[in-house]
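Shown here: coords.txt, compact mmCIF, C-alpha atoms and all ligand atoms.
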# COMPACT_ATOMS: atom_id res chain seq x y z
CA MET A 1465 14.86 -35.45 -10.39
CA PHE A 1466 15.76 -33.12 -13.19
CA GLU A 1467 18.83 -34.58 -14.90
CA SER A 1468 16.72 -34.70 -18.03
CA LEU A 1469 16.80 -30.91 -18.09
CA ARG A 1470 20.34 -30.94 -19.44
CA PHE A 1471 18.88 -30.61 -22.87
CA LYS A 1472 20.95 -31.76 -25.76
CA LYS A 1473 18.07 -32.52 -28.03
CA LYS A 1474 14.73 -30.93 -28.66
CA LEU A 1475 12.15 -32.03 -26.15
CA GLU A 1476 9.20 -34.21 -27.10
CA LYS A 1477 5.71 -32.77 -26.65
CA SER A 1478 5.07 -35.08 -23.69
CA GLU A 1479 8.31 -33.98 -22.02
CA ILE A 1480 7.37 -30.34 -22.50
CA GLN A 1481 3.98 -31.01 -20.97
CA ALA A 1482 5.55 -32.84 -18.01
CA ARG A 1483 7.85 -29.90 -17.40
CA LEU A 1484 5.01 -27.42 -17.67
CA ASP A 1485 3.05 -29.46 -15.14
CA LEU A 1486 6.01 -29.52 -12.80
CA VAL A 1487 6.62 -25.76 -13.03
CA CYS A 1488 2.92 -25.20 -12.34
CA LYS A 1489 3.07 -27.49 -9.33
CA ILE A 1490 6.13 -25.71 -7.94
CA ILE A 1491 4.54 -22.27 -8.31
CA THR A 1492 1.22 -23.52 -6.94
CA ASN A 1493 3.07 -24.57 -3.79
CA LEU A 1494 4.54 -21.09 -3.37
CA VAL A 1495 1.97 -19.68 -1.00
CA ASP A 1496 2.55 -16.25 0.48
CA SER A 1497 1.42 -15.56 4.01
CA GLU A 1498 1.28 -11.81 3.29
CA LEU A 1499 -1.15 -12.50 0.46
CA ARG A 1500 -3.72 -14.23 2.63
CA GLY A 1501 -2.01 -17.58 2.12
CA LEU A 1502 -2.72 -17.52 -1.63
CA ASN A 1503 -0.19 -18.69 -4.20
CA TYR A 1504 1.07 -16.52 -7.07
CA PHE A 1505 -1.37 -18.04 -9.56
CA GLN A 1506 -4.35 -17.41 -7.32
CA VAL A 1507 -3.33 -13.85 -6.71
CA GLY A 1508 -2.66 -13.26 -10.41
CA PHE A 1509 1.04 -12.38 -10.15
CA VAL A 1510 2.03 -15.15 -12.60
CA LYS A 1511 0.43 -14.49 -15.92
CA ASN A 1512 1.93 -17.02 -18.26
CA ILE A 1513 4.27 -20.02 -18.36
CA ASP A 1514 5.95 -21.08 -21.51
CA VAL A 1515 8.18 -24.17 -21.95
CA ARG A 1516 10.18 -24.18 -25.17
CA ASP A 1517 11.42 -27.32 -26.88
CA SER A 1518 14.95 -26.19 -26.03
CA GLY A 1519 14.00 -26.66 -22.40
CA GLN A 1520 13.90 -22.93 -21.67
CA ILE A 1521 11.21 -22.09 -19.14
CA GLU A 1522 9.68 -18.64 -19.34
CA VAL A 1523 7.56 -17.34 -16.51
CA SER A 1524 5.94 -13.99 -17.12
CA THR A 1525 4.79 -12.08 -14.12
CA ASP A 1526 2.46 -9.16 -13.87
CA ILE A 1527 2.74 -7.62 -10.44
CA PRO A 1528 0.83 -4.35 -10.36
CA THR A 1529 3.27 -2.16 -8.50
CA PRO A 1530 6.02 0.15 -9.72
CA LEU A 1531 8.19 -0.90 -6.76
CA HIS A 1532 11.13 -2.95 -8.01
CA GLU A 1533 11.76 -4.45 -4.60
CA ILE A 1534 8.41 -6.20 -4.52
CA ARG A 1535 8.71 -7.52 -8.06
CA GLU A 1536 12.25 -8.76 -7.41
CA HIS A 1537 11.20 -10.47 -4.18
CA VAL A 1538 8.41 -12.42 -5.88
CA GLU A 1539 10.57 -13.29 -8.87
CA ASP A 1540 13.46 -14.43 -6.65
CA ARG A 1541 11.13 -16.73 -4.75
CA ILE A 1542 9.91 -18.30 -8.00
CA ARG A 1543 13.44 -18.64 -9.36
CA SER A 1544 14.80 -20.23 -6.15
CA ALA A 1545 11.90 -22.68 -5.93
CA LEU A 1546 12.48 -23.83 -9.53
CA VAL A 1547 16.23 -24.21 -8.92
CA ARG A 1548 15.57 -26.14 -5.70
CA GLU A 1549 13.61 -28.65 -7.76
CA GLY A 1550 16.56 -29.19 -10.08
CA ILE A 1551 15.89 -26.74 -12.90
CA ARG A 1552 19.07 -25.04 -14.07
CA LEU A 1553 19.26 -21.33 -13.47
CA LYS A 1554 20.22 -20.65 -17.07
CA ASP A 1555 17.05 -22.38 -18.27
CA ILE A 1556 14.84 -20.01 -16.32
CA LYS A 1557 13.71 -16.70 -17.70
CA ILE A 1558 11.39 -14.54 -15.66
CA SER A 1559 10.02 -11.55 -17.47
CA THR A 1560 7.79 -8.75 -16.38
CA ASP A 1561 5.44 -6.85 -18.55
CA LYS A 1562 6.68 -3.47 -17.33
CA ASP A 1563 4.16 -1.48 -19.30
CA ALA A 1564 1.33 -3.52 -17.85
CA ASN A 1565 2.62 -2.76 -14.36
CA LEU A 1566 3.06 0.91 -14.80
CA PHE A 1567 0.20 1.81 -17.05
CA ARG A 1568 -2.46 -0.66 -16.08
CA PRO A 1569 -5.96 0.56 -16.93
CA ALA A 1570 -6.63 1.96 -13.53
CA LYS A 1571 -9.68 2.30 -11.41
CA ARG A 1572 -11.20 5.66 -11.86
CA SER A 1573 -12.13 7.36 -8.66
CA GLY A 1574 -15.78 8.24 -8.34
CA GLY A 1575 -16.39 8.98 -12.03
CA ASN A 1576 -13.43 11.36 -12.11
CA ALA A 1577 -12.52 11.63 -15.79
CA ASN A 1578 -9.24 13.42 -15.12
CA SER A 1579 -7.70 10.88 -12.76
CA SER A 1580 -6.47 7.38 -13.15
CA ILE A 1581 -5.47 5.85 -9.85
CA THR A 1582 -4.30 2.29 -9.32
CA ASN A 1583 -4.06 1.84 -5.53
CA ILE A 1584 -6.27 3.78 -3.13
CA ILE A 1585 -5.16 3.11 0.42
CA ALA A 1586 -6.84 4.59 3.52
CA PHE A 1587 -4.99 5.03 6.82
CA SER A 1588 -7.43 4.85 9.66
CA SER A 1589 -7.86 4.24 13.34
CA GLY A 1590 -10.75 4.18 15.74
CA LYS A 1591 -8.50 6.19 18.05
CA GLY A 1592 -6.86 9.59 17.81
CA GLY A 1593 -3.16 10.34 18.04
CA VAL A 1594 -1.89 6.87 17.17
CA GLY A 1595 0.15 7.95 14.13
CA LYS A 1596 -2.23 7.74 11.13
CA SER A 1597 -1.04 10.99 9.56
CA SER A 1598 2.59 10.22 10.38
CA LEU A 1599 2.45 6.84 8.67
CA THR A 1600 0.50 8.24 5.70
CA GLY A 1601 3.16 10.93 5.24
CA LEU A 1602 6.19 8.69 5.64
CA THR A 1603 4.75 5.98 3.40
CA ALA A 1604 3.96 8.56 0.71
CA ALA A 1605 7.48 9.95 0.93
CA TYR A 1606 8.98 6.45 0.67
CA LEU A 1607 6.79 5.34 -2.26
CA SER A 1608 7.48 8.54 -4.13
CA ARG A 1609 11.24 8.21 -3.63
CA ALA A 1610 10.96 4.57 -4.79
CA GLY A 1611 9.60 5.77 -8.13
CA ALA A 1612 5.82 5.70 -7.67
CA ARG A 1613 3.44 8.52 -8.57
CA VAL A 1614 1.78 9.39 -5.28
CA GLY A 1615 -0.98 11.65 -4.06
CA ILE A 1616 -2.22 12.30 -0.54
CA LEU A 1617 -5.81 13.13 0.25
CA ASP A 1618 -6.02 14.58 3.74
CA ALA A 1619 -9.56 13.57 4.65
CA ASP A 1620 -9.12 14.65 8.26
CA ILE A 1621 -11.43 17.55 7.63
CA TYR A 1622 -11.68 18.45 11.32
CA GLY A 1623 -7.96 18.53 12.10
CA PRO A 1624 -5.91 18.29 8.91
CA SER A 1625 -2.24 17.68 9.65
CA VAL A 1626 -0.83 16.89 6.19
CA PRO A 1627 0.07 20.57 5.42
CA ARG A 1628 2.10 20.73 8.64
CA ILE A 1629 3.78 17.36 8.09
CA PHE A 1630 4.94 18.38 4.60
CA GLY A 1631 5.42 22.06 5.28
CA LEU A 1632 2.86 22.98 2.59
CA GLU A 1633 2.30 26.61 1.84
CA GLY A 1634 -0.47 28.25 -0.14
CA GLN A 1635 -4.03 27.40 -1.00
CA LEU A 1636 -5.61 24.91 -3.38
CA ARG A 1637 -6.35 26.38 -6.79
CA SER A 1638 -8.93 25.50 -9.38
CA MET A 1639 -8.93 25.40 -13.16
CA GLU A 1640 -11.66 25.42 -15.79
CA LYS A 1641 -11.46 22.57 -18.27
CA ASP A 1642 -14.12 21.14 -20.58
CA GLY A 1643 -16.77 23.30 -18.95
CA LYS A 1644 -15.97 22.02 -15.48
CA SER A 1645 -14.06 23.42 -12.56
CA TRP A 1646 -11.21 21.16 -11.39
CA ILE A 1647 -9.34 21.30 -8.09
CA LEU A 1648 -5.58 21.30 -8.71
CA PRO A 1649 -3.60 19.48 -6.02
CA ILE A 1650 -0.69 21.31 -4.42
CA GLU A 1651 2.54 19.79 -5.71
CA LYS A 1652 5.72 19.59 -3.68
CA ASP A 1653 8.81 17.45 -4.20
CA GLY A 1654 7.00 15.13 -6.61
CA LEU A 1655 3.99 14.49 -4.36
CA LYS A 1656 0.46 15.81 -4.90
CA PHE A 1657 -1.68 16.99 -2.00
CA VAL A 1658 -5.29 17.84 -1.37
CA SER A 1659 -6.17 18.93 2.15
CA VAL A 1660 -8.89 20.97 3.78
CA GLY A 1661 -5.98 22.62 5.57
CA SER A 1662 -5.07 24.16 2.22
CA MET A 1663 -8.59 25.52 1.70
CA VAL A 1664 -9.17 27.49 4.86
CA PRO A 1665 -6.92 30.03 6.57
CA LYS A 1666 -4.49 28.56 9.11
CA ASP A 1667 -5.77 28.33 12.72
CA SER A 1668 -9.42 28.75 11.75
CA ALA A 1669 -11.78 26.28 13.39
CA ILE A 1670 -13.51 23.99 10.92
CA VAL A 1671 -17.07 22.89 11.53
CA TRP A 1672 -18.78 20.67 9.00
CA ARG A 1673 -22.40 19.66 9.03
CA GLY A 1674 -23.19 16.21 7.66
CA PRO A 1675 -24.45 17.23 4.18
CA MET A 1676 -21.61 19.74 3.70
CA LEU A 1677 -19.12 17.10 4.65
CA HIS A 1678 -20.49 14.66 2.11
CA LYS A 1679 -20.53 17.38 -0.55
CA LEU A 1680 -16.91 18.25 0.13
CA LEU A 1681 -15.79 14.62 -0.04
CA THR A 1682 -17.81 14.19 -3.24
CA GLN A 1683 -15.86 17.11 -4.72
CA PHE A 1684 -12.63 15.48 -3.57
CA SER A 1685 -13.58 12.28 -5.35
CA SER A 1686 -14.90 13.70 -8.62
CA ASP A 1687 -13.36 17.16 -9.10
CA VAL A 1688 -9.67 16.75 -8.30
CA ASP A 1689 -7.32 16.67 -11.25
CA TRP A 1690 -4.91 14.05 -9.87
CA GLY A 1691 -3.70 12.89 -13.27
CA ASP A 1692 -2.22 9.37 -13.24
CA LEU A 1693 -1.28 8.04 -9.84
CA ASP A 1694 0.08 4.69 -8.70
CA TYR A 1695 -0.99 5.43 -5.14
CA LEU A 1696 -3.51 7.71 -3.53
CA LEU A 1697 -3.07 7.59 0.24
CA ILE A 1698 -5.99 8.86 2.29
CA ASP A 1699 -5.42 10.14 5.82
CA LEU A 1700 -8.63 9.72 7.81
CA PRO A 1701 -9.78 11.47 10.97
CA PRO A 1702 -10.00 9.27 14.06
CA GLY A 1703 -13.15 7.31 14.74
CA THR A 1704 -15.77 5.44 12.84
CA GLY A 1705 -17.83 8.38 11.64
CA ASP A 1706 -19.32 9.89 8.53
CA VAL A 1707 -16.03 10.51 6.76
CA ALA A 1708 -15.15 6.83 6.45
CA LEU A 1709 -18.69 6.05 5.38
CA SER A 1710 -18.68 8.72 2.65
CA LEU A 1711 -15.21 7.81 1.46
CA ALA A 1712 -16.14 4.15 1.15
CA GLN A 1713 -19.12 5.18 -0.99
CA LEU A 1714 -17.20 7.66 -3.11
CA PHE A 1715 -13.81 6.03 -3.70
CA PRO A 1716 -13.01 2.51 -4.90
CA ILE A 1717 -10.73 2.00 -1.88
CA THR A 1718 -8.32 -0.88 -2.48
CA GLY A 1719 -7.82 -1.39 1.23
CA SER A 1720 -7.42 0.22 4.59
CA VAL A 1721 -4.39 0.15 6.88
CA VAL A 1722 -5.58 0.07 10.47
CA VAL A 1723 -3.28 1.85 12.90
CA THR A 1724 -3.37 1.06 16.59
CA SER A 1725 -1.24 1.64 19.63
CA PRO A 1726 -0.55 -1.21 22.06
CA GLN A 1727 -2.82 -0.21 24.94
CA ALA A 1728 -6.19 -1.75 25.69
CA ALA A 1729 -8.14 1.52 25.24
CA SER A 1730 -6.87 1.85 21.69
CA VAL A 1731 -7.60 -1.79 20.95
CA GLU A 1732 -11.24 -1.31 22.00
CA ASP A 1733 -11.69 1.63 19.57
CA VAL A 1734 -9.88 -0.10 16.77
CA ARG A 1735 -11.99 -3.21 17.19
CA LYS A 1736 -15.07 -1.11 16.29
CA GLU A 1737 -13.26 0.23 13.30
CA VAL A 1738 -12.34 -3.21 11.99
CA VAL A 1739 -16.02 -4.11 12.17
CA MET A 1740 -16.91 -0.89 10.30
CA TRP A 1741 -14.58 -1.64 7.37
CA LYS A 1742 -15.96 -5.15 7.18
CA GLN A 1743 -19.49 -3.77 7.05
CA LEU A 1744 -18.47 -1.30 4.32
CA ASN A 1745 -16.84 -4.13 2.37
CA VAL A 1746 -13.48 -2.40 2.33
CA PRO A 1747 -10.63 -4.92 2.64
CA ILE A 1748 -8.23 -4.35 5.53
CA LEU A 1749 -4.62 -4.58 4.31
CA GLY A 1750 -3.43 -5.20 7.83
CA ILE A 1751 -2.89 -3.81 11.31
CA VAL A 1752 0.14 -1.80 12.31
CA GLU A 1753 0.96 -1.18 15.95
CA ASN A 1754 2.62 2.18 16.50
CA PHE A 1755 4.53 3.21 19.65
CA VAL A 1756 5.38 -0.43 20.53
CA ASP A 1757 8.22 0.70 22.78
CA PHE A 1758 10.56 3.53 23.55
CA GLU A 1759 14.33 3.25 23.76
CA CYS A 1760 16.02 5.50 26.30
CA ASP A 1761 18.65 7.69 24.62
CA SER A 1762 21.10 7.49 27.49
CA CYS A 1763 20.80 3.93 28.83
CA GLY A 1764 19.37 2.14 25.78
CA GLU A 1765 16.70 0.44 27.87
CA LYS A 1766 13.48 -0.30 26.00
CA THR A 1767 10.25 0.55 27.80
CA LYS A 1768 6.80 -0.54 26.73
CA LEU A 1769 5.10 2.71 27.67
CA PHE A 1770 1.67 1.63 26.46
CA GLY A 1771 1.69 -2.07 27.26
CA SER A 1772 2.04 -4.53 24.44
CA GLY A 1773 0.36 -6.86 22.00
CA GLY A 1774 -2.78 -4.88 21.09
CA GLY A 1775 -2.22 -5.06 17.36
CA GLN A 1776 -1.35 -8.75 17.37
CA PHE A 1777 -4.40 -9.49 19.48
CA LEU A 1778 -6.68 -7.69 16.99
CA ALA A 1779 -5.03 -9.31 14.00
CA GLN A 1780 -5.57 -12.76 15.50
CA ARG A 1781 -9.09 -12.03 16.64
CA PHE A 1782 -10.20 -10.83 13.18
CA ASP A 1783 -7.91 -13.03 11.11
CA LEU A 1784 -6.01 -10.05 9.69
CA GLU A 1785 -2.39 -9.53 8.71
CA PHE A 1786 -0.27 -8.08 11.52
CA LEU A 1787 1.93 -5.77 9.47
CA MET A 1788 4.50 -4.80 12.06
CA GLY A 1789 5.23 -2.91 15.24
CA ILE A 1790 6.87 0.52 15.05
CA PRO A 1791 8.66 1.88 18.12
CA MET A 1792 8.61 5.48 19.25
CA LEU A 1793 11.57 6.93 17.44
CA PRO A 1794 12.87 10.47 17.81
CA ALA A 1795 13.84 10.37 14.10
CA ILE A 1796 10.18 9.86 13.14
CA GLN A 1797 8.91 12.56 15.47
CA LYS A 1798 11.54 15.06 14.30
CA SER A 1799 11.09 14.49 10.58
CA LEU A 1800 7.32 14.96 10.86
CA ASP A 1801 7.21 17.84 13.25
CA LEU A 1802 9.87 19.70 11.24
CA GLY A 1803 7.73 19.34 8.12
CA ASN A 1804 10.18 17.21 6.18
CA PRO A 1805 9.51 13.44 5.98
CA TYR A 1806 11.81 13.26 2.94
CA GLU A 1807 14.81 13.86 5.15
CA LEU A 1808 14.27 10.50 6.87
CA ILE A 1809 13.70 8.70 3.56
CA LYS A 1810 16.50 10.44 1.67
CA ASN A 1811 19.26 9.34 4.02
CA LYS A 1812 18.40 5.65 3.46
CA THR A 1813 19.89 4.69 6.82
CA GLY A 1814 18.75 4.07 10.36
CA LEU A 1815 16.04 2.05 12.03
CA ALA A 1816 13.24 4.50 11.18
CA TYR A 1817 14.08 4.35 7.48
CA SER A 1818 14.27 0.55 7.35
CA LEU A 1819 10.97 0.19 9.23
CA ILE A 1820 9.17 2.62 6.90
CA ARG A 1821 10.64 0.85 3.90
CA GLU A 1822 9.49 -2.55 5.17
CA PHE A 1823 6.06 -1.16 6.03
CA SER A 1824 5.59 0.55 2.65
CA ASN A 1825 6.68 -2.54 0.76
CA LYS A 1826 4.35 -4.74 2.76
CA ILE A 1827 1.23 -2.69 2.18
CA SER A 1828 2.12 -2.17 -1.48
CA LYS A 1829 2.49 -5.90 -1.98
CA ILE A 1830 -0.79 -6.69 -0.24
CA SER A 1831 -2.53 -4.00 -2.25
CA ALA A 1832 -0.99 -5.29 -5.49
CA GLY A 1833 -2.30 -8.74 -4.54
CA LEU A 1834 -5.84 -7.42 -4.15
CA ILE A 1835 -5.68 -5.55 -7.45
CA ALA A 1836 -4.21 -8.50 -9.34
CA GLU A 1837 -6.77 -10.85 -7.87
CA ASN A 1838 -9.71 -8.65 -8.81
CA ARG A 1839 -8.66 -7.72 -12.31
CA ASP A 1840 -10.30 -8.83 -15.49
CA PRO A 1841 -10.34 -12.67 -15.57
CA LYS A 1842 -9.30 -12.50 -19.23
CA GLU A 1843 -5.88 -11.45 -18.00
CA PHE A 1844 -5.49 -14.53 -15.84
CA ILE A 1845 -2.99 -17.24 -16.44
CA THR A 1846 -2.61 -18.96 -19.73
CA LEU A 1847 -0.28 -21.90 -20.07
CA GLU A 1848 1.65 -22.42 -23.23
CA SER A 1849 4.03 -24.96 -24.61
CA ASN A 1850 5.64 -25.14 -27.97
N1 LIG A 1901 6.66 6.02 15.73
C1 LIG A 1901 6.69 7.27 16.16
N2 LIG A 1901 7.75 7.72 16.88
C2 LIG A 1901 7.78 8.98 17.36
N3 LIG A 1901 6.80 9.87 17.21
C3 LIG A 1901 5.73 9.50 16.50
C4 LIG A 1901 5.61 8.19 15.93
N4 LIG A 1901 4.42 8.10 15.29
C5 LIG A 1901 3.82 9.31 15.44
N5 LIG A 1901 4.60 10.15 16.17
C6 LIG A 1901 4.26 11.50 16.62
O1 LIG A 1901 3.03 11.39 17.33
C7 LIG A 1901 2.21 12.52 17.12
C8 LIG A 1901 0.80 12.08 16.67
O2 LIG A 1901 0.91 11.45 15.42
P1 LIG A 1901 -0.18 11.68 14.27
O3 LIG A 1901 -0.55 13.10 14.17
O4 LIG A 1901 0.37 11.01 13.08
O5 LIG A 1901 -1.37 10.84 14.85
P2 LIG A 1901 -2.85 10.71 14.24
O6 LIG A 1901 -3.32 9.34 14.54
O7 LIG A 1901 -2.86 11.14 12.83
O8 LIG A 1901 -3.62 11.78 15.12
P3 LIG A 1901 -5.12 12.35 14.87
O9 LIG A 1901 -6.04 11.28 15.37
O10 LIG A 1901 -5.16 13.59 15.69
O11 LIG A 1901 -5.27 12.59 13.41
C9 LIG A 1901 2.92 13.40 16.13
O12 LIG A 1901 3.53 14.46 16.79
C10 LIG A 1901 3.98 12.52 15.50
O13 LIG A 1901 5.14 13.20 15.16
MG MG A 1902 -4.05 12.61 11.86

Take the structure in the file and write it out as structure tokens.
Ligand SMILES: Nc1ncnc2c1ncn2[C@@H]1O[C@H](COP(=O)(O)OP(=O)(O)OP(=O)(O)O)[C@@H](O)[C@H]1O
Ligand SMILES: [Mg+2]
Amino acid sequence: MFESLRFKKKLEKSEIQARLDLVCKIITNLVDSELRGLNYFQVGFVKNIDVRDSGQIEVSTDIPTPLHEIREHVEDRIRSALVREGIRLKDIKISTDKDANLFRPAKRSGGNANSSITNIIAFSSGKGGVGKSSLTGLTAAYLSRAGARVGILDADIYGPSVPRIFGLEGQLRSMEKDGKSWILPIEKDGLKFVSVGSMVPKDSAIVWRGPMLHKLLTQFSSDVDWGDLDYLLIDLPPGTGDVALSLAQLFPITGSVVVTSPQAASVEDVRKEVVMWKQLNVPILGIVENFVDFECDSCGEKTKLFGSGGGQFLAQRFDLEFLMGIPMLPAIQKSLDLGNPYELIKNKTGLAYSLIREFSNKISKISAGLIAENRDPKEFITLESN
């Protein structure tokens, strides 16, 4: 089909146009099931296509994530599809506007003039104890190690567990700037943290009345000096209560990751939560099923302690992405309960690491898709030929 791409002469205008049309058709056919079945034009990952009279094809992408793995995956798919259709590899140039990716004019959280945050991702579940805080912590550790600027907002104001998971010491501090008092996040190993657990003495019971709760979350949205972040991960308390409602009002949440465990009781609670996010108009990035099975240390037998299929059932029922299942792994439990999720990420080996890496990449890609799709239409694709 593409013998004519062995260019010896300059291409005619009509040939350039034909090639441009073909490249567009190939990329239009590249739908991505993780991006709600949209193609890379629709989602805004391909910004520009340029066919030169030498035959050189230039595709410029703009994938709003600092994670190389995601950008490389999308670009490899485009490159392979073009080559499959007969275009020579050496005639394909895929470029990324790196500055655009890393320093995109970001959403500002709740009128917060000191913070510029690109992705705001909530981790939630209608049910307690299913691994929300664990997955928030491990994802943050992975994203940070992969080069992203990451903050964690522990919005579990009744039972904050982020300080324990990361072994945080000390209290939140504040600073006066421009006539306003700013909350300074606690910084540790490149991550930034804000947690109620770092505001009140350890072991003290925390009781919040409705208006106080909303006031506190308002402060978290408008008075925290996060600086520039690629990701703000929010760890929610269990249930479908006031916290989620306030957060959805106060933060421009990109999407929520819904965590469930396989058993029917959890599925029932999570079903209510899915409905809540839909009512609040917060996109759901997908459903992750934690504790899918447990592998016996001595005999290697896998047991489905909590039944199976809850997450997949919910995903199908509500037409949502089923992100993945995560087994019960001693490595996960140890790294969290010892207050050091970096240990698991740092070693870059083992099942737990590869699952967290896959999970983090998936939600980052879906989130990047939502951001790219909703950005200023002026930035959308332009086609050029010369
Ligand atoms: N995949 C896993 N394998 C092994 N242990 C896990 C896994 N996921 C979570 N855990 C452990 O399960 C316990 C509960 O997890 P976690 O605190 O993250 O749940 P949660 O949903 O945030 O709970 P809560 O509703 O109380 O906020 C923790 O001790 C954690 O270490
Ligand atoms: Mg928790």

*Among the residues A:Gly1814, A:Pro1627, A:Gly1615, A:Gly1674, the one that comes closest to Gly1691 of chain A [using all atoms listed in the file]*: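 The shortest atom-to-atom distance to Gly1691 of chain A comes from A:Gly1615.
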
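Nearest-residue note for Val1723 of chain A: choosing from A:Lys1812, A:Glu1822, A:Pro1624, A:Ser1597, the minimum distance belongs to A:Ser1597, counting all atoms listed in the file.
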
*Which is closer to Leu1697 of chain A than all the others in A:Met1740, A:Met1788, A:Val1660, A:Val1721, using only C-alpha atoms?*
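Smallest distance to Leu1697 of chain A is found for A:Val1721.
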
*State, in Å with one decimal place, the distance from atom CA of Ser1799 of chain A to atom CA of Arg1628 of chain A.*
11.1 Å

*Do you know which residues are within 6 Å of ligand MG 1902 (chain A) using only C-alpha atoms and all ligand atoms? Can you write them as an MDAnalysis selection string?*
chainID A and resid 1596:1597 1625 1701
